[in-house]
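Peer 1: Structure in structure tokens, see below.
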Amino acid sequence: MIGRNEVSRIGKNELSKALDGAFRAALMLTGSTQAAEHAVLDGIAATEFDSVMGDVFLLETVKAAIQRRPDSLHQSQQTPAHLPLQLRRLFLLTPISRDCFVLRILLGITTRTCSGILNLTIEEAHHALCAALEALPFLELATQVGHDPFPSETGPSTTRRPNVMKQGSNSKGT
């Protein structure tokens, strides 16, 4: 038989995991620990405290994180220096491509839900995700070698690469 203290400990552990996961998602969407903290608080406020461990809390936190960002989709965001290099590379993408990547790949949210959160059609969300997935290998190469992740479009390849990098960013994220 499980005692009351054991149930309480399990509940606190699940609550801690839910809060941590929501914070990490908000951080990847906002690029700011302060904005991520506020988004988590907004997510809690939008749900009943008892449902913090459910999907509704995560979705409300994600919505709040996206709403808390600067108005301009191309406005530069500070890349969190404490993130691993692989995650910092995501901040070289345009916010919409990064959003789709975070929501679909990192969080596993469905395309329909992702498009609803981002106010995109399903096709637009799919294209933004594909653009992110196509760009990421070039961003990895660029950050390793220190050159432009999208070489001249008049180079060997005749296929034009999508513009998924933030305006004003270079391969070092500045």
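If you're wondering about the labels, chains in the structure tokens are A, B, ... by order shown, residues count from 1 in each chain, ligands from 1 in order shown.
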According to DSSP computed on the backbone, where in region 3-126 of chain A is there alpha helix (DSSP H)? Give the residues as an mmCIF file with C-alpha atoms, in the first residue's frame.

Peer 2:
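out.cif, freshly written:
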data_model
loop_
_atom_site.group_PDB
_atom_site.id
_atom_site.type_symbol
_atom_site.label_atom_id
_atom_site.label_comp_id
_atom_site.auth_asym_id
_atom_site.auth_seq_id
_atom_site.Cartn_x
_atom_site.Cartn_y
_atom_site.Cartn_z
ATOM 1 C CA ARG A 4 0.197 9.520 1.817
ATOM 2 C CA ASN A 5 3.800 10.803 1.914
ATOM 3 C CA GLU A 6 4.736 8.601 -1.057
ATOM 4 C CA VAL A 7 1.819 9.939 -3.113
ATOM 5 C CA SER A 8 2.790 13.486 -2.166
ATOM 6 C CA ARG A 9 6.429 12.863 -3.163
ATOM 7 C CA ILE A 10 5.401 11.374 -6.512
ATOM 8 C CA GLY A 11 3.081 14.323 -7.155
ATOM 9 C CA LYS A 12 5.813 16.847 -6.353
ATOM 10 C CA ASN A 13 8.246 15.032 -8.657
ATOM 11 C CA GLU A 14 5.734 15.090 -11.541
ATOM 12 C CA LEU A 15 4.945 18.736 -10.857
ATOM 13 C CA SER A 16 8.649 19.592 -10.882
ATOM 14 C CA LYS A 17 9.113 17.797 -14.218
ATOM 15 C CA ALA A 18 6.122 19.608 -15.735
ATOM 16 C CA LEU A 19 7.405 23.007 -14.594
ATOM 17 C CA ASP A 20 10.948 22.261 -15.802
ATOM 18 C CA GLY A 21 9.708 21.105 -19.204
ATOM 19 C CA ALA A 22 7.476 24.137 -19.642
ATOM 20 C CA PHE A 23 10.310 26.465 -18.653
ATOM 21 C CA ARG A 24 12.736 24.866 -21.113
ATOM 22 C CA ALA A 25 10.176 25.134 -23.916
ATOM 23 C CA ALA A 26 9.514 28.793 -23.102
ATOM 24 C CA LEU A 27 13.250 29.500 -22.973
ATOM 25 C CA MET A 28 13.747 28.031 -26.447
ATOM 26 C CA LEU A 29 10.893 30.162 -27.768
ATOM 27 C CA THR A 30 11.819 33.443 -26.074
ATOM 28 C CA THR A 33 15.087 33.322 -18.805
ATOM 29 C CA GLN A 34 12.968 36.191 -17.482
ATOM 30 C CA ALA A 35 10.422 35.935 -20.323
ATOM 31 C CA ALA A 36 10.383 32.137 -19.889
ATOM 32 C CA GLU A 37 9.667 32.495 -16.160
ATOM 33 C CA HIS A 38 6.813 34.894 -16.879
ATOM 34 C CA ALA A 39 5.445 32.565 -19.557
ATOM 35 C CA VAL A 40 5.388 29.687 -17.041
ATOM 36 C CA LEU A 41 3.555 31.897 -14.556
ATOM 37 C CA ASP A 42 1.096 32.858 -17.299
ATOM 38 C CA GLY A 43 0.651 29.164 -18.116
ATOM 39 C CA ILE A 44 -0.123 28.417 -14.481
ATOM 40 C CA ALA A 45 -2.570 31.331 -14.329
ATOM 41 C CA ALA A 46 -4.330 30.131 -17.498
ATOM 42 C CA ASP A 55 -0.792 19.150 -21.831
ATOM 43 C CA VAL A 56 -3.003 22.204 -21.331
ATOM 44 C CA PHE A 57 -0.395 23.788 -19.051
ATOM 45 C CA LEU A 58 2.402 23.232 -21.583
ATOM 46 C CA LEU A 59 0.299 24.644 -24.426
ATOM 47 C CA GLU A 60 -0.706 27.703 -22.394
ATOM 48 C CA THR A 61 2.934 28.299 -21.448
ATOM 49 C CA VAL A 62 4.008 28.008 -25.094
ATOM 50 C CA LYS A 63 1.317 30.481 -26.166
ATOM 51 C CA ALA A 64 2.395 32.921 -23.454
ATOM 52 C CA ALA A 65 6.056 32.575 -24.455
ATOM 53 C CA ILE A 66 5.291 33.405 -28.070
ATOM 54 C CA GLN A 67 3.149 36.390 -27.042
ATOM 55 C CA LEU A 85 25.907 24.912 -28.828
ATOM 56 C CA GLN A 86 23.423 22.642 -30.611
ATOM 57 C CA LEU A 87 20.481 24.536 -29.096
ATOM 58 C CA ARG A 88 22.069 27.972 -29.569
ATOM 59 C CA PRO A 95 11.674 32.926 -35.119
ATOM 60 C CA ILE A 96 8.909 31.193 -37.106
ATOM 61 C CA SER A 97 11.242 28.399 -38.248
ATOM 62 C CA ARG A 98 12.594 28.027 -34.712
ATOM 63 C CA ASP A 99 9.041 28.010 -33.311
ATOM 64 C CA CYS A 100 7.986 25.231 -35.659
ATOM 65 C CA PHE A 101 11.112 23.227 -34.873
ATOM 66 C CA THR A 111 1.042 20.020 -36.920
ATOM 67 C CA ARG A 112 -2.569 21.104 -36.418
ATOM 68 C CA THR A 113 -1.917 22.350 -32.881
ATOM 69 C CA CYS A 114 1.369 23.973 -33.927
ATOM 70 C CA SER A 115 -0.303 25.860 -36.765
ATOM 71 C CA GLY A 116 -3.082 26.984 -34.429
ATOM 72 C CA ILE A 117 -0.647 28.314 -31.827
ATOM 73 C CA LEU A 118 1.389 30.160 -34.460
ATOM 74 C CA ILE A 122 -0.962 23.708 -41.683
ATOM 75 C CA GLU A 123 0.947 24.067 -44.951
ATOM 76 C CA GLU A 124 2.789 27.192 -43.729
ATOM 77 C CA ALA A 125 3.776 25.420 -40.496
ATOM 78 C CA HIS A 126 5.000 22.427 -42.494
#

Peer 1: So how far away is CA of Leu83 (chain A) from CA of Leu129 (chain A), in Å?

Peer 2: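 The value is 21.3 Å.
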
Peer 1: Enter the distance from CA of Leu136 (chain A) to CA of Arg89 (chain A), in Å, rounded to one decimal.

Peer 2: 7.7 Å

Peer 1: With distances taken over only C-alpha atoms, which residue among A:His82, A:Phe91, A:Cys130, A:Asn119 lies nearest Ile105 (chain A)?

Peer 2: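 Among the listed residues, A:Cys130 lies closest to Ile105 (chain A).
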
Peer 1: Could you please determine the separation between CA of Pro84 (chain A) and CA of Gly31 (chain A) in Å, to one decimal place?

Peer 2: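 About the pair CA of Pro84 (chain A) and CA of Gly31 (chain A): they are 13.0 Å apart.
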
Peer 1: Rank A:Arg104, A:Leu90, A:Thr79, A:Arg68 by their smallest atom-to-atom distance to Phe138 (chain A), using only C-alpha atoms, and report the top residue only.

Peer 2: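 Checking each of A:Arg104, A:Leu90, A:Thr79, A:Arg68 against Phe138 (chain A), counting only C-alpha atoms, the winner is A:Leu90.
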